[in-house]
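*Asks:* Sharing coords21.txt here; it has compact mmCIF, C-alpha atoms.
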```txt
# COMPACT_ATOMS: atom_id res chain seq x y z
CA GLN E 1 0.00 0.00 0.00
CA ASN E 2 2.86 2.40 0.83
CA ASP E 3 4.59 1.56 -2.45
CA THR E 4 1.39 2.34 -4.32
CA SER E 5 1.01 5.76 -2.69
CA VAL E 6 4.69 6.56 -3.33
CA LEU E 7 4.35 5.53 -6.97
CA GLN E 8 1.18 7.57 -7.38
CA THR E 9 2.92 10.62 -5.88
CA GLN E 10 5.90 10.18 -8.19
CA TYR E 11 3.58 9.74 -11.17
CA SER E 12 1.68 12.93 -10.29
CA VAL E 13 4.92 14.89 -9.88
CA GLN E 14 6.22 13.65 -13.24
CA ILE E 15 2.93 14.56 -14.95
CA ASP E 16 3.17 18.06 -13.47
CA VAL E 17 6.75 18.43 -14.73
CA ILE E 18 5.73 17.25 -18.22
CA ASN E 19 2.80 19.69 -18.26
CA GLN E 20 5.10 22.55 -17.21
CA LEU E 21 7.56 21.60 -19.96
CA GLY E 22 4.67 21.50 -22.43
CA GLN E 23 3.64 25.01 -21.42
CA ARG E 24 7.21 26.23 -21.87
CA ILE E 25 7.40 24.63 -25.33
CA GLU E 26 4.06 26.23 -26.28
CA SER E 27 5.29 29.64 -25.18
CA GLN E 28 8.54 29.14 -27.12
CA PHE E 29 6.51 28.21 -30.24
CA LYS E 30 4.48 31.39 -29.90
CA ALA E 31 7.62 33.45 -29.42
CA GLN E 32 9.19 31.77 -32.49
CA GLU E 33 6.05 32.50 -34.57
CA GLN E 34 6.22 36.16 -33.60
CA ARG E 35 9.91 36.27 -34.47
CA ILE E 36 9.27 34.57 -37.84
CA SER E 37 6.48 37.01 -38.67
CA SER E 38 8.85 39.93 -38.13
CA LEU E 39 11.61 38.55 -40.41
CA PRO E 40 11.90 39.15 -44.15
CA ARG E 41 10.16 36.58 -46.39
CA THR E 42 13.31 34.76 -47.53
CA GLU E 43 14.64 34.12 -44.05
CA ALA E 44 11.14 33.47 -42.68
CA GLY E 45 10.40 30.75 -45.29
CA GLN E 46 13.18 28.43 -44.16
CA LEU E 47 12.48 29.05 -40.43
CA ARG E 48 8.76 28.64 -41.02
CA THR E 49 9.34 25.16 -42.55
CA THR E 50 11.45 24.13 -39.56
CA HIS E 51 8.92 25.65 -37.19
CA VAL E 52 6.02 23.81 -38.84
CA LYS E 53 7.95 20.51 -38.71
CA LEU E 54 8.88 21.00 -35.02
CA SER E 55 5.34 22.05 -34.22
CA ARG E 56 3.91 18.97 -35.98
CA ASP E 57 6.39 16.66 -34.19
CA TYR E 58 5.53 18.27 -30.86
CA ARG E 59 1.79 17.77 -31.49
CA GLN E 60 2.41 14.08 -32.25
CA VAL E 61 4.42 13.67 -29.05
CA GLU E 62 1.75 15.59 -27.13
CA GLN E 63 -0.95 13.30 -28.56
CA GLN E 64 1.09 10.21 -27.68
CA PHE E 65 1.53 11.57 -24.16
CA LYS E 66 -2.23 12.12 -23.83
CA ASN E 67 -2.84 8.59 -25.14
CA VAL E 68 -0.38 7.23 -22.58
CA GLN E 69 -2.17 9.19 -19.84
CA LEU E 70 -5.52 7.78 -20.93
CA ASP E 71 -4.02 4.29 -21.07
CA VAL E 72 -2.60 4.72 -17.57
CA LYS E 73 -5.98 5.91 -16.27
CA ARG E 74 -7.72 2.97 -17.94
CA LYS E 75 -5.19 0.48 -16.59
CA ARG E 76 -5.35 2.05 -13.13
CA SER E 77 -9.14 1.82 -13.21
CA LEU E 78 -8.93 -1.81 -14.31
CA ALA E 79 -6.34 -2.55 -11.61
CA GLU E 80 -8.47 -0.86 -8.96
CA ALA E 81 -11.55 -2.75 -10.17
CA LYS E 82 -9.58 -6.00 -10.11
CA GLN E 83 -8.27 -5.17 -6.65
CA ARG E 84 -11.81 -4.44 -5.42
CA GLU E 85 -12.98 -7.68 -7.04
CA LEU E 86 -10.19 -9.63 -5.35
CA ALA E 87 -10.95 -7.95 -2.04
CA MET E 88 -14.63 -8.83 -2.41
CA GLU E 89 -13.76 -12.42 -3.33
CA GLU E 90 -11.42 -12.63 -0.34
CA GLU E 91 -14.13 -11.17 1.87
CA GLN E 92 -16.64 -13.70 0.51
CA LYS E 93 -14.16 -16.54 1.08
CA GLU E 94 -13.57 -15.28 4.62
CA ARG E 95 -17.32 -15.00 5.18
CA ARG E 96 -17.84 -18.54 3.83
CA ARG E 97 -14.98 -19.80 5.99
CA ARG E 98 -16.51 -18.12 9.04
CA GLU E 99 -19.93 -19.50 8.14
CA LYS E 100 -18.49 -22.97 7.58
CA SER E 101 -16.46 -22.63 10.74
CA GLY E 102 -19.59 -21.44 12.50
CA GLU E 103 -21.51 -24.41 11.12
CA ASP E 104 -18.69 -26.71 12.10
CA MET E 105 -18.69 -25.08 15.51
CA THR E 106 -22.44 -25.50 15.66
CA GLU E 107 -22.18 -29.13 14.58
CA GLU E 108 -19.38 -29.68 17.05
CA ALA E 109 -21.36 -27.89 19.75
CA LEU E 110 -24.37 -30.07 18.95
CA LYS E 111 -22.18 -33.17 19.15
CA TRP E 112 -20.82 -32.04 22.52
CA GLN E 113 -24.32 -31.20 23.72
CA MET E 114 -25.59 -34.61 22.62
CA GLN E 115 -22.62 -36.27 24.32
CA ILE E 116 -23.33 -34.33 27.52
CA GLN E 117 -27.01 -35.34 27.36
CA GLU E 118 -26.05 -38.97 26.80
CA ASP E 119 -23.65 -38.74 29.74
CA LYS E 120 -26.41 -37.25 31.93
CA ILE E 121 -28.80 -40.00 30.87
CA SER E 122 -26.14 -42.63 31.59
CA GLU E 123 -25.47 -41.09 35.01
CA GLU E 124 -29.19 -41.05 35.78
CA ILE E 125 -29.49 -44.70 34.74
CA MET E 126 -26.49 -45.55 36.91
CA ARG E 127 -28.04 -43.72 39.88
CA GLU E 128 -31.32 -45.58 39.37
CA ARG E 129 -29.45 -48.90 39.14
CA GLU E 130 -27.43 -48.05 42.24
CA GLU E 131 -30.64 -47.19 44.11
CA GLU E 132 -32.27 -50.44 42.95
CA ILE E 133 -29.17 -52.40 43.96
CA ARG E 134 -29.29 -50.76 47.43
CA ASN E 135 -32.98 -51.55 47.69
CA ILE E 136 -32.27 -55.16 46.68
CA HIS E 137 -29.40 -55.26 49.19
CA LYS E 138 -31.70 -53.92 51.93
CA GLY E 139 -34.34 -56.42 50.94
CA MET E 140 -31.84 -59.30 51.01
CA HIS E 141 -30.52 -58.07 54.34
CA THR E 142 -34.10 -58.03 55.64
CA VAL E 143 -34.70 -61.53 54.23
CA ASN E 144 -31.44 -62.67 55.81
CA GLU E 145 -32.59 -61.27 59.18
CA ILE E 146 -35.93 -63.02 58.75
CA TYR E 147 -34.17 -66.33 57.97
CA LYS E 148 -31.93 -65.87 61.00
CA ASP E 149 -34.94 -65.12 63.19
CA LEU E 150 -36.78 -68.09 61.65
CA ALA E 151 -33.76 -70.31 62.23
CA HIS E 152 -33.59 -69.13 65.82
CA LEU E 153 -37.33 -69.83 66.29
CA VAL E 154 -36.98 -73.24 64.69
CA ASP E 155 -34.06 -74.01 66.99
CA ASN E 156 -36.08 -72.90 70.03
CA GLN E 157 -39.10 -74.93 68.92
CA GLN E 158 -36.91 -77.95 68.20
CA ALA E 159 -35.55 -77.74 71.69
CA GLY E 160 -39.16 -77.61 73.03
CA VAL E 161 -40.18 -80.59 70.86
CA ASP E 162 -37.12 -82.57 71.92
CA GLN E 163 -38.03 -82.28 75.67
```
Please rewrite the model in this file as structure tokens.
*Replies:*
Amino acid sequence: QNDTSVLQTQYSVQIDVINQLGQRIESQFKAQEQRISSLPRTEAGQLRTTHVKLSRDYRQVEQQFKNVQLDVKRKRSLAEAKQRELAMEEEQKERRRREKSGEDMTEEALKWQMQIQEDKISEEIMREREEEIRNIHKGMHTVNEIYKDLAHLVDNQQAGVDQ
């Protein structure tokens, strides 16, 4: 970007110098025409031919310069348009990447959320199983106590029957 601004500044300065030189040449042509018009016909004829030739050559160079300026403007416009187009394409790519990344993040977030829900469900199932196992353990402990009490009663009754 800095190189571009430096080049544009240099280009503008050079164009100004060329325009100033063109103005000086124009003023010298006018001065030469005035000088030729004041000379006698014989001397003026030869100078006039040279003047016309120089003037014609200068006009051709001036036209070429204007064509180059127009070409530079056209190319600069095309380059700027291309640069804007590339910037827009890059912006679109970035937007798509962010959207895709956002979708990937959303998909990944959904996967994590589903995994968390599955983990919660698994934990709840494990808690229920643990509670059921404790209830079964309590029930078996109760049954064991009943069997012990029953065994004790049977032993006491057996002792009463045996007497």
*Asks:* How big is the axis-aligned box around all listed atoms of segment 127-139 of chain E once 8 Å goes on each side, and where's its centre, in Å to one decimal, as lines of an AutoDock Vina configuration file?
*Replies:*
```
center_x = -30.9
center_y = -50.1
center_z = 45.5
size_x = 22.9
size_y = 28.7
size_z = 28.8
```
*Asks:* Counting all atoms listed in the file, which residue out of E:Leu54, E:Leu110, E:Val13, E:Val61 sits closest to Glu33 of chain E?
*Replies:*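 Once distances to Glu33 of chain E are computed over all atoms listed in the file, the minimum belongs to E:Leu54.
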*Asks:* Between atom CA of Asp57 of chain E and atom CA of Asn19 of chain E, measure the distance and give it in Å to one decimal.
*Replies:*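 According to the coordinates, atom CA of Asp57 of chain E and atom CA of Asn19 of chain E are separated by 16.6 Å.
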*Asks:* Tell me, as an mmCIF file with C-alpha atoms, in the coordinates of the input, which residues lie within 12 Å of Lys30 of chain E, counting only C-alpha atoms; anything in the same chain fewer than 6 positions away does not count.
*Replies:*
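Output file out_30.cif follows:
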```cif
data_model
loop_
_atom_site.group_PDB
_atom_site.id
_atom_site.type_symbol
_atom_site.label_atom_id
_atom_site.label_comp_id
_atom_site.auth_asym_id
_atom_site.auth_seq_id
_atom_site.Cartn_x
_atom_site.Cartn_y
_atom_site.Cartn_z
ATOM 1 C CA GLN E 23 3.640 25.010 -21.420
ATOM 2 C CA ARG E 24 7.210 26.230 -21.870
ATOM 3 C CA ILE E 36 9.270 34.570 -37.840
ATOM 4 C CA SER E 37 6.480 37.010 -38.670
ATOM 5 C CA HIS E 51 8.920 25.650 -37.190
ATOM 6 C CA VAL E 52 6.020 23.810 -38.840
ATOM 7 C CA SER E 55 5.340 22.050 -34.220
#
```
*Asks:* Would you compute the distance between atom CA of Asp71 of chain E and atom CA of Glu89 of chain E? Give it in Å to one decimal.
*Replies:*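 Atom-to-atom, atom CA of Asp71 of chain E and atom CA of Glu89 of chain E are spaced 26.2 Å apart.
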*Asks:* Between E:His141, E:Lys66, E:Arg84, E:Arg95, which has the minimum distance to Ile15 of chain E (counting all atoms listed in the file)?
*Replies:* E:Lys66
*Asks:* Grab the atom CA of Gln14 of chain E to atom CA of Lys82 of chain E distance for me, in Å with one decimal place.
*Replies:*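 Interatomic distance here is 25.4 Å.
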